[in-house]
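Chemist: Contents of coords.pdb (PDB, C-alpha atoms, pLDDT in the B column) are given next:
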MODEL        1
ATOM      1  CA  GLY A   1       0.000   0.000   0.000  1.00 87.00           C
ATOM      2  CA  LYS A   2       2.995   2.358  -0.129  1.00 96.00           C
ATOM      3  CA  PRO A   3       5.145   3.593  -2.986  1.00 98.00           C
ATOM      4  CA  LEU A   4       8.492   1.829  -3.352  1.00 98.00           C
ATOM      5  CA  VAL A   5      11.990   3.055  -4.150  1.00 98.00           C
ATOM      6  CA  VAL A   6      14.230   0.239  -5.437  1.00 98.00           C
ATOM      7  CA  ASN A   7      17.951   0.925  -5.598  1.00 98.00           C
ATOM      8  CA  PHE A   8      20.127  -1.448  -7.621  1.00 98.00           C
ATOM      9  CA  PHE A   9      23.640  -1.451  -6.191  1.00 98.00           C
ATOM     10  CA  ALA A  10      26.842  -3.497  -6.212  1.00 97.00           C
ATOM     11  CA  SER A  11      29.939  -3.721  -4.068  1.00 96.00           C
ATOM     12  CA  TRP A  12      32.099  -3.259  -7.193  1.00 96.00           C
ATOM     13  CA  CYS A  13      30.321   0.004  -8.111  1.00 97.00           C
ATOM     14  CA  ALA A  14      32.037   2.981  -6.433  1.00 97.00           C
ATOM     15  CA  PRO A  15      29.175   5.437  -7.164  1.00 97.00           C
ATOM     16  CA  CYS A  16      26.729   2.925  -5.634  1.00 97.00           C
ATOM     17  CA  VAL A  17      28.769   2.729  -2.450  1.00 97.00           C
ATOM     18  CA  ARG A  18      28.959   6.534  -2.208  1.00 97.00           C
ATOM     19  CA  GLU A  19      25.197   7.051  -2.576  1.00 97.00           C
ATOM     20  CA  MET A  20      24.006   4.344  -0.177  1.00 98.00           C
ATOM     21  CA  PRO A  21      24.335   6.494   2.988  1.00 98.00           C
ATOM     22  CA  ASP A  22      22.295   9.208   1.249  1.00 98.00           C
ATOM     23  CA  ILE A  23      19.562   6.719   0.382  1.00 98.00           C
ATOM     24  CA  GLU A  24      19.592   5.538   3.991  1.00 98.00           C
ATOM     25  CA  ALA A  25      19.182   9.144   5.187  1.00 98.00           C
ATOM     26  CA  VAL A  26      16.076   9.557   3.004  1.00 98.00           C
ATOM     27  CA  HIS A  27      14.784   6.188   4.186  1.00 98.00           C
ATOM     28  CA  GLN A  28      15.134   7.397   7.783  1.00 98.00           C
ATOM     29  CA  ARG A  29      13.136  10.549   6.962  1.00 97.00           C
ATOM     30  CA  LEU A  30      10.429   9.053   4.726  1.00 97.00           C
ATOM     31  CA  GLY A  31      10.310   5.373   5.666  1.00 92.00           C
ATOM     32  CA  ALA A  32       6.877   5.700   7.263  1.00 94.00           C
ATOM     33  CA  ASP A  33       5.401   6.812   3.925  1.00 96.00           C
ATOM     34  CA  VAL A  34       7.672   5.261   1.284  1.00 98.00           C
ATOM     35  CA  GLN A  35       9.177   1.764   1.228  1.00 98.00           C
ATOM     36  CA  PHE A  36      12.818   1.243   0.248  1.00 98.00           C
ATOM     37  CA  LEU A  37      14.490  -1.869  -1.126  1.00 98.00           C
ATOM     38  CA  GLY A  38      18.085  -2.391  -2.185  1.00 98.00           C
ATOM     39  CA  LEU A  39      18.926  -5.076  -4.753  1.00 98.00           C
ATOM     40  CA  ALA A  40      22.520  -6.199  -5.149  1.00 98.00           C
ATOM     41  CA  VAL A  41      23.490  -6.894  -8.749  1.00 97.00           C
ATOM     42  CA  ARG A  42      26.111  -9.555  -9.480  1.00 96.00           C
ATOM     43  CA  ASP A  43      27.165  -9.734  -5.831  1.00 96.00           C
ATOM     44  CA  THR A  44      27.115 -12.662  -3.433  1.00 96.00           C
ATOM     45  CA  THR A  45      24.860 -12.546  -0.401  1.00 96.00           C
ATOM     46  CA  GLU A  46      27.916 -11.947   1.756  1.00 97.00           C
ATOM     47  CA  GLN A  47      29.147  -9.045  -0.394  1.00 97.00           C
ATOM     48  CA  ALA A  48      25.707  -7.424  -0.300  1.00 96.00           C
ATOM     49  CA  ARG A  49      25.357  -7.813   3.475  1.00 96.00           C
ATOM     50  CA  ASP A  50      28.870  -6.511   4.091  1.00 97.00           C
ATOM     51  CA  LEU A  51      28.257  -3.433   1.950  1.00 97.00           C
ATOM     52  CA  ALA A  52      24.925  -2.733   3.654  1.00 97.00           C
ATOM     53  CA  GLU A  53      26.621  -2.932   7.048  1.00 97.00           C
ATOM     54  CA  ARG A  54      29.555  -0.726   5.978  1.00 96.00           C
ATOM     55  CA  THR A  55      27.255   1.954   4.565  1.00 97.00           C
ATOM     56  CA  GLY A  56      24.709   1.869   7.413  1.00 97.00           C
ATOM     57  CA  VAL A  57      21.788   0.656   5.304  1.00 97.00           C
ATOM     58  CA  SER A  58      18.849  -0.496   7.433  1.00 97.00           C
ATOM     59  CA  TYR A  59      16.192  -0.936   4.731  1.00 98.00           C
ATOM     60  CA  PRO A  60      15.672  -4.447   3.320  1.00 97.00           C
ATOM     61  CA  ILE A  61      18.132  -5.727   0.745  1.00 97.00           C
ATOM     62  CA  GLY A  62      17.986  -8.623  -1.668  1.00 97.00           C
ATOM     63  CA  ARG A  63      19.762  -9.807  -4.775  1.00 97.00           C
ATOM     64  CA  ASP A  64      19.354  -9.588  -8.531  1.00 97.00           C
ATOM     65  CA  PRO A  65      22.229 -12.033  -9.170  1.00 96.00           C
ATOM     66  CA  ALA A  66      22.366 -11.779 -12.962  1.00 96.00           C
ATOM     67  CA  GLY A  67      20.891  -8.278 -13.304  1.00 96.00           C
ATOM     68  CA  VAL A  68      17.712  -9.642 -14.914  1.00 96.00           C
ATOM     69  CA  LEU A  69      15.286  -7.361 -13.056  1.00 97.00           C
ATOM     70  CA  LEU A  70      17.594  -4.394 -13.611  1.00 97.00           C
ATOM     71  CA  ALA A  71      17.502  -5.059 -17.373  1.00 96.00           C
ATOM     72  CA  GLU A  72      13.741  -5.689 -17.412  1.00 96.00           C
ATOM     73  CA  LEU A  73      13.163  -2.304 -15.784  1.00 96.00           C
ATOM     74  CA  GLY A  74      15.388  -0.608 -18.346  1.00 95.00           C
ATOM     75  CA  GLY A  75      18.370   0.117 -16.117  1.00 94.00           C
ATOM     76  CA  ARG A  76      21.340   1.051 -18.265  1.00 90.00           C
ATOM     77  CA  ALA A  77      24.135   1.557 -15.738  1.00 94.00           C
ATOM     78  CA  MET A  78      24.922   1.238 -12.083  1.00 96.00           C
ATOM     79  CA  PRO A  79      23.535   2.521  -9.858  1.00 98.00           C
ATOM     80  CA  THR A  80      19.914   2.534 -10.994  1.00 98.00           C
ATOM     81  CA  THR A  81      16.898   3.571  -8.947  1.00 98.00           C
ATOM     82  CA  ALA A  82      13.306   2.648  -9.782  1.00 98.00           C
ATOM     83  CA  PHE A  83      10.265   4.455  -8.435  1.00 98.00           C
ATOM     84  CA  ILE A  84       7.217   2.186  -8.199  1.00 98.00           C
ATOM     85  CA  ALA A  85       3.695   3.354  -7.346  1.00 98.00           C
ATOM     86  CA  ALA A  86       1.712   1.727  -4.559  1.00 96.00           C
ATOM     87  CA  ASP A  87      -0.347  -0.054  -7.234  1.00 96.00           C
ATOM     88  CA  GLY A  88       2.784  -1.621  -8.771  1.00 96.00           C
ATOM     89  CA  ARG A  89       3.222   0.668 -11.785  1.00 97.00           C
ATOM     90  CA  VAL A  90       6.821   1.552 -12.578  1.00 97.00           C
ATOM     91  CA  LEU A  91       6.761   5.341 -12.743  1.00 97.00           C
ATOM     92  CA  LEU A  92      10.415   6.169 -13.367  1.00 98.00           C
ATOM     93  CA  VAL A  93      13.757   4.396 -13.701  1.00 98.00           C
ATOM     94  CA  GLN A  94      16.951   6.436 -13.503  1.00 97.00           C
ATOM     95  CA  SER A  95      20.497   5.169 -13.980  1.00 97.00           C
ATOM     96  CA  ARG A  96      22.430   7.756 -11.973  1.00 97.00           C
ATOM     97  CA  THR A  97      23.500   8.598  -8.456  1.00 97.00           C
ATOM     98  CA  PHE A  98      21.392  10.584  -6.016  1.00 98.00           C
ATOM     99  CA  SER A  99      22.317  12.835  -3.142  1.00 98.00           C
ATOM    100  CA  ALA A 100      19.899  12.737  -0.207  1.00 98.00           C
ATOM    101  CA  GLU A 101      18.416  16.066  -1.269  1.00 98.00           C
ATOM    102  CA  ASP A 102      18.024  15.002  -4.917  1.00 97.00           C
ATOM    103  CA  LEU A 103      16.400  11.716  -3.950  1.00 98.00           C
ATOM    104  CA  ALA A 104      13.928  13.360  -1.567  1.00 98.00           C
ATOM    105  CA  GLU A 105      12.959  15.862  -4.284  1.00 97.00           C
ATOM    106  CA  GLN A 106      12.584  13.084  -6.869  1.00 97.00           C
ATOM    107  CA  ILE A 107      10.363  11.097  -4.490  1.00 98.00           C
ATOM    108  CA  ASP A 108       8.160  14.139  -3.910  1.00 97.00           C
ATOM    109  CA  ASP A 109       7.892  14.769  -7.664  1.00 97.00           C
ATOM    110  CA  VAL A 110       7.327  11.177  -8.801  1.00 97.00           C
ATOM    111  CA  PHE A 111       4.904  10.213  -6.065  1.00 97.00           C
ATOM    112  CA  ASP A 112       3.106  13.600  -5.979  1.00 91.00           C
ATOM    113  CA  ARG A 113       3.834  14.071  -2.287  1.00 79.00           C
TER     114      ARG A 113
ENDMDL
END
Represent the structure from my file as structure tokens, please.
Modeler:
Amino acid sequence: GKPLVVNFFASWCAPCVREMPDIEAVHQRLGADVQFLGLAVRDTTEQARDLAERTGVSYPIGRDPAGVLLAELGGRAMPTTAFIAADGRVLLVQSRTFSAEDLAEQIDDVFDR
């Protein structure tokens, strides 16, 4: 029943690692209204968990081992963030990094908050 922000990340992606604390900061601010999910691409479970711990991520993480979901959503590079409406419609997919401020603004725009 809530909109969802899905961030595709990888331990081998330096921009992904840099943006994860910013995504966590937005999750801390908006987590009551917007769900967050991180999906590790081409990482092992251990690599994904280690990176989440190192970057302070507390939102749920999972894996997209071969990058299939990333490709199906139209992600072109890493990192990629998808904005999904509460009804399951994919509203926007962006292959770029976000600062906390940029991500919060994008969430407000995409989800008409």
Chemist: Under the PyMOL selection byres ((chain A and resi 36) around 12), which residues of this model are included? Write them out as number ranges by chain.
Modeler: A: 2-8, 20, 23-35, 37-39, 57-62, 81-84, 103, 107
Chemist: Kindly resolve the PyMOL selection byres ((chain A and resi 10-15) around 6) on the present coordinates and return the residues as a PyMOL selection string.
Modeler: chain A and resi 9+16-18+40-41
Chemist: Take the residues from that selection and write them out as a CSV table (one decimal), in the frame of the given file, keeping C-alpha atoms.
Modeler:
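So the final result, stored in part-v3.csv, reads:
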chain,number,residue,atom,x,y,z
A,9,PHE,CA,23.6,-1.5,-6.2
A,16,CYS,CA,26.7,2.9,-5.6
A,17,VAL,CA,28.8,2.7,-2.4
A,18,ARG,CA,29.0,6.5,-2.2
A,40,ALA,CA,22.5,-6.2,-5.1
A,41,VAL,CA,23.5,-6.9,-8.7
Chemist: Rank nothing, just name the residue among A:Asp87, A:Gly1, A:Gly75, A:Pro21 nearest to A:Glu53, using only C-alpha atoms.
Modeler: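 Smallest separation from A:Glu53 among the options: A:Pro21.
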Chemist: Nearest to A:Val93 among A:Asp43, A:Asp22, A:Asp50, A:Glu72, with distances taken over all atoms listed in the file: which residue is it?
Modeler: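 Between A:Asp43, A:Asp22, A:Asp50, A:Glu72, the residue approaching A:Val93 most closely is A:Glu72.
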Chemist: Edge lengths and centre in Å to one decimal, as lines of an AutoDock Vina configuration file, of the axis-aligned box that encloses all listed atoms of stretch 84-96 of chain A with 5 Å added on every side?
Modeler:
center_x = 11.0
center_y = 3.1
center_z = -9.3
size_x = 32.8
size_y = 19.4
size_z = 19.4
Chemist: Could you work out how far atom CA of A:Asp109 lies from atom CA of A:Arg96, giving the answer in Å with one decimal?
Modeler: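 Between atom CA of A:Arg96 and atom CA of A:Asp109 the gap works out to 16.7 Å.
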Chemist: In Å, rounded to a single decimal, give me how far atom CA of A:Glu19 is from atom CA of A:Asp102.
Modeler: 11.0 Å
Chemist: What's the separation between atom CA of A:Ala77 and atom CA of A:Gln94, in Å to one decimal place?
Modeler: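 Value for the atom CA of A:Ala77-atom CA of A:Gln94 distance: 9.0 Å.
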